[in-house]
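Participant: Pasting run.txt below, which is compact mmCIF, C-alpha atoms and all ligand atoms.
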# COMPACT_ATOMS: atom_id res chain seq x y z
CA MET A 1 21.20 15.52 -19.40
CA ILE A 2 23.55 13.64 -17.07
CA HIS A 3 24.55 15.32 -13.83
CA GLN A 4 26.79 14.16 -11.10
CA ARG A 5 24.55 16.09 -8.79
CA ILE A 6 21.55 14.19 -7.56
CA ALA A 7 18.94 15.93 -5.40
CA LEU A 8 16.36 14.08 -3.35
CA VAL A 9 13.13 16.01 -2.95
CA GLY A 10 9.99 15.21 -1.01
CA PHE A 11 8.00 16.06 2.06
CA MET A 12 9.42 16.29 5.59
CA ALA A 13 10.25 12.86 7.01
CA SER A 14 10.02 11.11 3.64
CA GLY A 15 13.53 9.74 4.19
CA LYS A 16 15.61 12.15 2.08
CA SER A 17 18.55 12.36 4.51
CA THR A 18 18.73 8.67 5.38
CA VAL A 19 18.29 7.56 1.78
CA GLY A 20 20.64 10.29 0.55
CA ARG A 21 23.45 9.17 2.82
CA ALA A 22 23.04 5.51 1.74
CA LEU A 23 22.67 6.45 -1.94
CA ALA A 24 25.83 8.57 -1.83
CA LYS A 25 27.68 5.64 -0.32
CA ALA A 26 26.39 3.23 -2.99
CA LEU A 27 27.49 5.61 -5.77
CA SER A 28 30.73 6.66 -4.04
CA TYR A 29 29.51 10.26 -4.17
CA SER A 30 29.71 12.81 -1.37
CA PHE A 31 26.59 13.50 0.65
CA VAL A 32 25.26 16.95 1.56
CA ASP A 33 22.16 17.66 3.63
CA LEU A 34 20.83 21.12 2.76
CA ASP A 35 19.43 21.81 6.24
CA GLN A 36 22.71 20.75 7.87
CA TRP A 37 24.63 22.88 5.37
CA ILE A 38 22.47 25.88 6.33
CA GLU A 39 22.95 25.13 10.04
CA SER A 40 26.75 24.99 9.71
CA SER A 41 26.99 28.05 7.49
CA THR A 42 24.75 30.22 9.71
CA GLY A 43 25.77 28.73 13.06
CA ARG A 44 22.05 28.43 13.93
CA THR A 45 19.63 25.54 14.07
CA ILE A 46 16.69 25.46 11.63
CA PRO A 47 14.10 26.03 14.43
CA ASP A 48 16.19 28.97 15.65
CA ILE A 49 16.30 30.51 12.16
CA PHE A 50 12.51 30.17 11.89
CA THR A 51 11.95 31.69 15.33
CA THR A 52 14.42 34.56 15.21
CA LEU A 53 14.62 35.41 11.49
CA GLY A 54 11.35 33.99 10.14
CA GLU A 55 10.43 31.67 7.29
CA VAL A 56 11.04 34.23 4.51
CA GLU A 57 14.64 34.70 5.62
CA PHE A 58 15.05 30.92 5.95
CA ARG A 59 13.86 30.54 2.34
CA ARG A 60 16.36 33.19 1.20
CA ILE A 61 19.22 31.36 2.91
CA GLU A 62 17.95 28.02 1.54
CA GLN A 63 17.84 29.36 -2.03
CA ALA A 64 21.37 30.79 -1.80
CA ALA A 65 22.66 27.45 -0.48
CA LEU A 66 20.89 25.48 -3.25
CA PHE A 67 22.31 27.80 -5.92
CA ASP A 68 25.85 27.62 -4.48
CA LEU A 69 25.76 23.83 -4.29
CA GLY A 70 24.39 23.67 -7.84
CA GLN A 71 27.60 25.31 -9.05
CA ALA A 72 29.95 23.21 -6.92
CA ASP A 73 32.29 20.73 -8.58
CA GLY A 74 32.29 17.06 -7.78
CA ALA A 75 29.79 14.28 -7.57
CA PHE A 76 27.29 14.44 -4.78
CA VAL A 77 23.86 13.55 -3.50
CA LEU A 78 21.89 16.37 -1.88
CA ALA A 79 19.05 15.83 0.57
CA THR A 80 16.91 18.97 0.21
CA GLY A 81 14.47 20.39 2.76
CA GLY A 82 10.81 19.61 2.08
CA GLY A 83 9.96 23.24 1.32
CA VAL A 84 12.70 23.87 -1.22
CA VAL A 85 10.19 23.52 -4.06
CA THR A 86 8.03 26.41 -2.83
CA ARG A 87 10.18 28.98 -4.68
CA PRO A 88 9.95 28.99 -8.50
CA GLU A 89 13.66 29.90 -8.73
CA ASN A 90 14.51 26.75 -6.75
CA ARG A 91 12.31 24.60 -8.96
CA GLU A 92 14.16 25.94 -12.01
CA ALA A 93 17.51 25.27 -10.34
CA LEU A 94 16.49 21.71 -9.42
CA VAL A 95 15.76 21.00 -13.07
CA ARG A 96 18.76 22.89 -14.45
CA ASP A 97 21.55 21.91 -12.07
CA TRP A 98 20.40 18.57 -10.64
CA GLN A 99 19.02 15.20 -11.48
CA SER A 100 16.15 15.22 -9.00
CA VAL A 101 14.36 12.23 -7.53
CA TYR A 102 11.06 12.52 -5.65
CA LEU A 103 10.68 10.30 -2.59
CA ARG A 104 6.91 10.17 -2.47
CA ALA A 105 5.24 9.23 0.81
CA ARG A 106 1.60 9.12 1.85
CA PRO A 107 0.50 11.42 4.72
CA GLU A 108 0.10 8.42 7.07
CA THR A 109 3.67 7.32 6.34
CA ILE A 110 4.90 10.85 6.99
CA GLU A 111 3.12 11.02 10.35
CA ARG A 112 4.51 7.67 11.43
CA ARG A 113 8.05 8.68 10.46
CA LEU A 114 7.76 12.10 12.11
CA ASP A 115 6.94 10.38 15.39
CA ALA A 116 9.90 8.04 14.97
CA ASP A 117 12.53 10.61 13.97
CA GLY A 118 11.73 13.22 16.61
CA ALA A 119 13.43 16.22 14.86
CA VAL A 120 11.72 19.59 15.38
CA ARG A 121 9.94 20.84 12.25
CA PRO A 122 8.80 24.42 12.88
CA LEU A 123 6.04 24.21 10.25
CA LEU A 124 4.55 21.15 11.95
CA ALA A 125 4.69 22.47 15.52
CA VAL A 126 0.97 23.23 15.24
CA ALA A 127 -2.20 22.08 16.97
CA ASP A 128 -3.55 20.12 14.01
CA ARG A 129 -0.51 18.41 12.55
CA THR A 130 -2.50 15.89 10.51
CA SER A 131 -4.42 18.46 8.49
CA THR A 132 -1.33 20.69 8.13
CA ILE A 133 0.56 17.77 6.59
CA ARG A 134 -2.30 17.04 4.19
CA HIS A 135 -2.68 20.68 3.23
CA LEU A 136 1.06 21.27 2.64
CA LEU A 137 1.43 18.00 0.76
CA GLU A 138 -1.49 18.83 -1.50
CA LYS A 139 0.05 22.20 -2.24
CA ARG A 140 3.53 20.82 -2.92
CA GLU A 141 2.84 17.49 -4.63
CA ALA A 142 2.77 18.92 -8.18
CA TRP A 143 5.99 20.83 -7.52
CA TYR A 144 7.85 17.73 -6.34
CA THR A 145 6.73 15.94 -9.49
CA GLU A 146 7.51 18.90 -11.74
CA VAL A 147 11.19 19.10 -10.72
CA SER A 148 11.89 15.36 -10.67
CA SER A 149 12.93 13.01 -13.44
CA HIS A 150 12.02 10.03 -11.30
CA THR A 151 9.57 9.23 -8.47
CA VAL A 152 9.88 6.46 -5.91
CA ASN A 153 6.79 5.57 -3.85
CA VAL A 154 8.57 4.87 -0.60
CA ASP A 155 5.69 3.80 1.67
CA GLU A 156 6.32 0.07 1.53
CA MET A 157 10.06 0.24 0.94
CA ASP A 158 13.05 0.15 3.26
CA VAL A 159 16.21 2.21 2.72
CA PRO A 160 18.26 -0.45 0.83
CA GLU A 161 15.31 -1.09 -1.50
CA ILE A 162 14.93 2.61 -2.27
CA VAL A 163 18.67 2.97 -2.91
CA GLN A 164 18.60 -0.05 -5.21
CA GLU A 165 15.65 1.39 -7.10
CA VAL A 166 17.36 4.76 -7.62
CA VAL A 167 20.68 3.18 -8.62
CA ALA A 168 18.87 0.95 -11.17
CA TRP A 169 17.02 3.96 -12.57
CA LEU A 170 20.26 5.96 -12.82
CA SER A 171 22.02 3.20 -14.70
CA ARG A 172 19.09 2.92 -17.13
CA GLU A 173 19.25 6.69 -17.64
CA ARG A 174 22.98 6.59 -18.18
CA GLY A 175 22.70 3.66 -20.56
CA ARG A 176 20.34 5.77 -22.65
CA ALA A 177 22.70 8.77 -22.80
C1 LIG B 1 10.73 22.32 5.76
C2 LIG B 1 11.39 21.11 5.82
C3 LIG B 1 12.54 20.89 6.70
C4 LIG B 1 13.30 22.19 6.95
C5 LIG B 1 12.37 23.26 7.44
C6 LIG B 1 11.21 23.54 6.48
C7 LIG B 1 9.52 22.42 4.91
O1 LIG B 1 13.42 19.91 6.13
O2 LIG B 1 13.95 22.62 5.78
O3 LIG B 1 11.87 22.86 8.69
O4 LIG B 1 9.06 23.55 4.62
O5 LIG B 1 8.99 21.37 4.48
P1 LIG B 1 13.09 18.32 6.08
O6 LIG B 1 12.27 18.07 4.86
O7 LIG B 1 14.44 17.70 5.99
O8 LIG B 1 12.37 17.98 7.34
Show the structure stored in the file as C-alpha cells.
Facilitator:
Amino acid sequence: MIHQRIALVGFMASGKSTVGRALAKALSYSFVDLDQWIESSTGRTIPDIFTTLGEVEFRRIEQAALFDLGQADGAFVLATGGGVVTRPENREALVRDWQSVYLRARPETIERRLDADGAVRPLLAVADRTSTIRHLLEKREAWYTEVSSHTVNVDEMDVPEIVQEVVAWLSRERGRA
C-alpha cells in the first residue's frame, strides 16, 4: 500500500531526525519529529517528562501523538523516538498508517553518534551505557524489522547516501504499485 506518510524507525542516535529532515526536503514533504511534537504539545522536554511523569506516561503521550499523526492529512516524513516500537499498538499503527523504514545501526555506531550529538536520553543516563545499548537493541531489533518495509544499514553511510537509498527504494515501490 502506498502512503504519503513515511516513518523512520530505529535506535536512539541512528540518525532518524537528521535523515528525516533531509528526506522530507528531497521528497518535498513536511517533516515532523515525534519527540519535538511531544515537547511542543506538552510544553515539557523529554527528560522532564521522564523525570516528573515517568516512562509509562511518556509512552502514553507518545502513542497518542503517533495515532494523531497517522490520521493527519498531507505528505510527511516522521522521525519517531527509538522506543516507539515497544508498544504493540504502535507497531500495528506503524504498519497500518505508515510506510516505515528502519535505519539500522550497530551498537558501536550508536555510541559514537551519541557522543557527537550530545542530547540527553533519559534511558541512557546510566552507569553502564554500553551494555544498556546492547540490551535494548537486542530487545528491539525484531520490532524495528517487523514494522518496516525497508531497512537501511547506516553504519558506513552519510546522510545524502541514506536519503538517496530511501528515495530509490520508494520509487521502486511506487513503480510496482
Ligand atoms: C527513547 C528514544 C528517544 C526519546 C526518549 C526514549 C527510547 O528518542 O523518545 O528518550 O526509548 O529509545 P530518539 O530515538 O530520537 O533519541
Participant: Please extract the residues at most 7 Å from ligand LIG 1 (chain B), counting only C-alpha atoms and all ligand atoms, and provide them as a ChimeraX atom specification, using the chain letters and residue numbers of this document.
Facilitator: /A:10-13,16-17,35,46-47,80-84,121-123
Participant: Just checking: using all atoms listed in the file, which residue out of A:Thr151, A:Gln4, A:Thr42, A:Gln164 ends up closest to Ala22 of chain A?
Facilitator: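 Residue with the minimum atom-to-atom distance to Ala22 of chain A: A:Gln164.
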Participant: Neighbours of Arg134 of chain A within 10 Å (only C-alpha atoms; same-chain residues fewer than 3 positions away dropped), as a PyMOL selection string?
Facilitator: chain A and resi 106-108+110+129-131+137-140
Participant: Using C-alpha atoms, can you export the residues from the last selection as a short mmCIF file (atom, residue, chain, number, x, y, z; two decimals), keeping the file's coordinate frame?
Facilitator:
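The resulting file, out-v1.cif, is shown below:
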data_model
loop_
_atom_site.label_atom_id
_atom_site.label_comp_id
_atom_site.auth_asym_id
_atom_site.auth_seq_id
_atom_site.Cartn_x
_atom_site.Cartn_y
_atom_site.Cartn_z
CA ARG A 106 1.60 9.12 1.85
CA PRO A 107 0.50 11.42 4.72
CA GLU A 108 0.10 8.42 7.07
CA ILE A 110 4.90 10.85 6.99
CA ARG A 129 -0.51 18.41 12.55
CA THR A 130 -2.50 15.89 10.51
CA SER A 131 -4.42 18.46 8.49
CA LEU A 137 1.43 18.00 0.76
CA GLU A 138 -1.49 18.83 -1.50
CA LYS A 139 0.05 22.20 -2.24
CA ARG A 140 3.53 20.82 -2.92
#
Participant: How many Å separate atom CA of Arg60 of chain A from atom CA of Thr109 of chain A?
Facilitator: 29.3 Å
Participant: Show which residues sit within 6 Å of Arg104 of chain A, as an MDAnalysis selection string. Count all atoms listed in the file, and ignore same-chain residues fewer than 4 positions away.
Facilitator: chainID A and resid 152:154
Participant: Report the distance between atom CA of Tyr102 of chain A and atom CA of Ala75 of chain A in Å, rounded to one decimal place.
Facilitator: 18.9 Å
Participant: Which residue is closest to Val101 of chain A? Choose from A:Ser28, A:Gln71, A:Thr52, A:Ser148 and count only C-alpha atoms.
Facilitator: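 Of all the options, A:Ser148 lies closest to Val101 of chain A.
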Participant: Could you check how far atom CA of Ala64 of chain A sits from atom CA of Leu136 of chain A, in Å to one decimal?
Facilitator: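 Value for the atom CA of Ala64 of chain A-atom CA of Leu136 of chain A distance: 22.9 Å.
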Participant: Counting all atoms listed in the file, which residue out of A:His150, A:Arg91, A:Arg44, A:Lys25 sits closest to Glu173 of chain A?
Facilitator: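 Residue with the minimum atom-to-atom distance to Glu173 of chain A: A:His150.
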Participant: So which one's closest to Ala119 of chain A, A:Arg172, A:Thr45, A:Leu8, A:Gly54? Using only C-alpha atoms, please.
Facilitator: A:Thr45
Participant: Of the candidates A:Val77, A:Ala168, A:Val126, A:Ala65, which shows the shortest atom-to-atom distance to Leu23 of chain A, using all atoms listed in the file?
Facilitator: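 With all atoms listed in the file as the atom set, the closest residue is A:Val77.
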Participant: May I have the residues at most 7 Å from (23.1, 25.5, -11.7) in the file's coordinates, counting only C-alpha atoms, as a PyMOL selection string?
Facilitator: chain A and resi 67+70-71+93+96-97
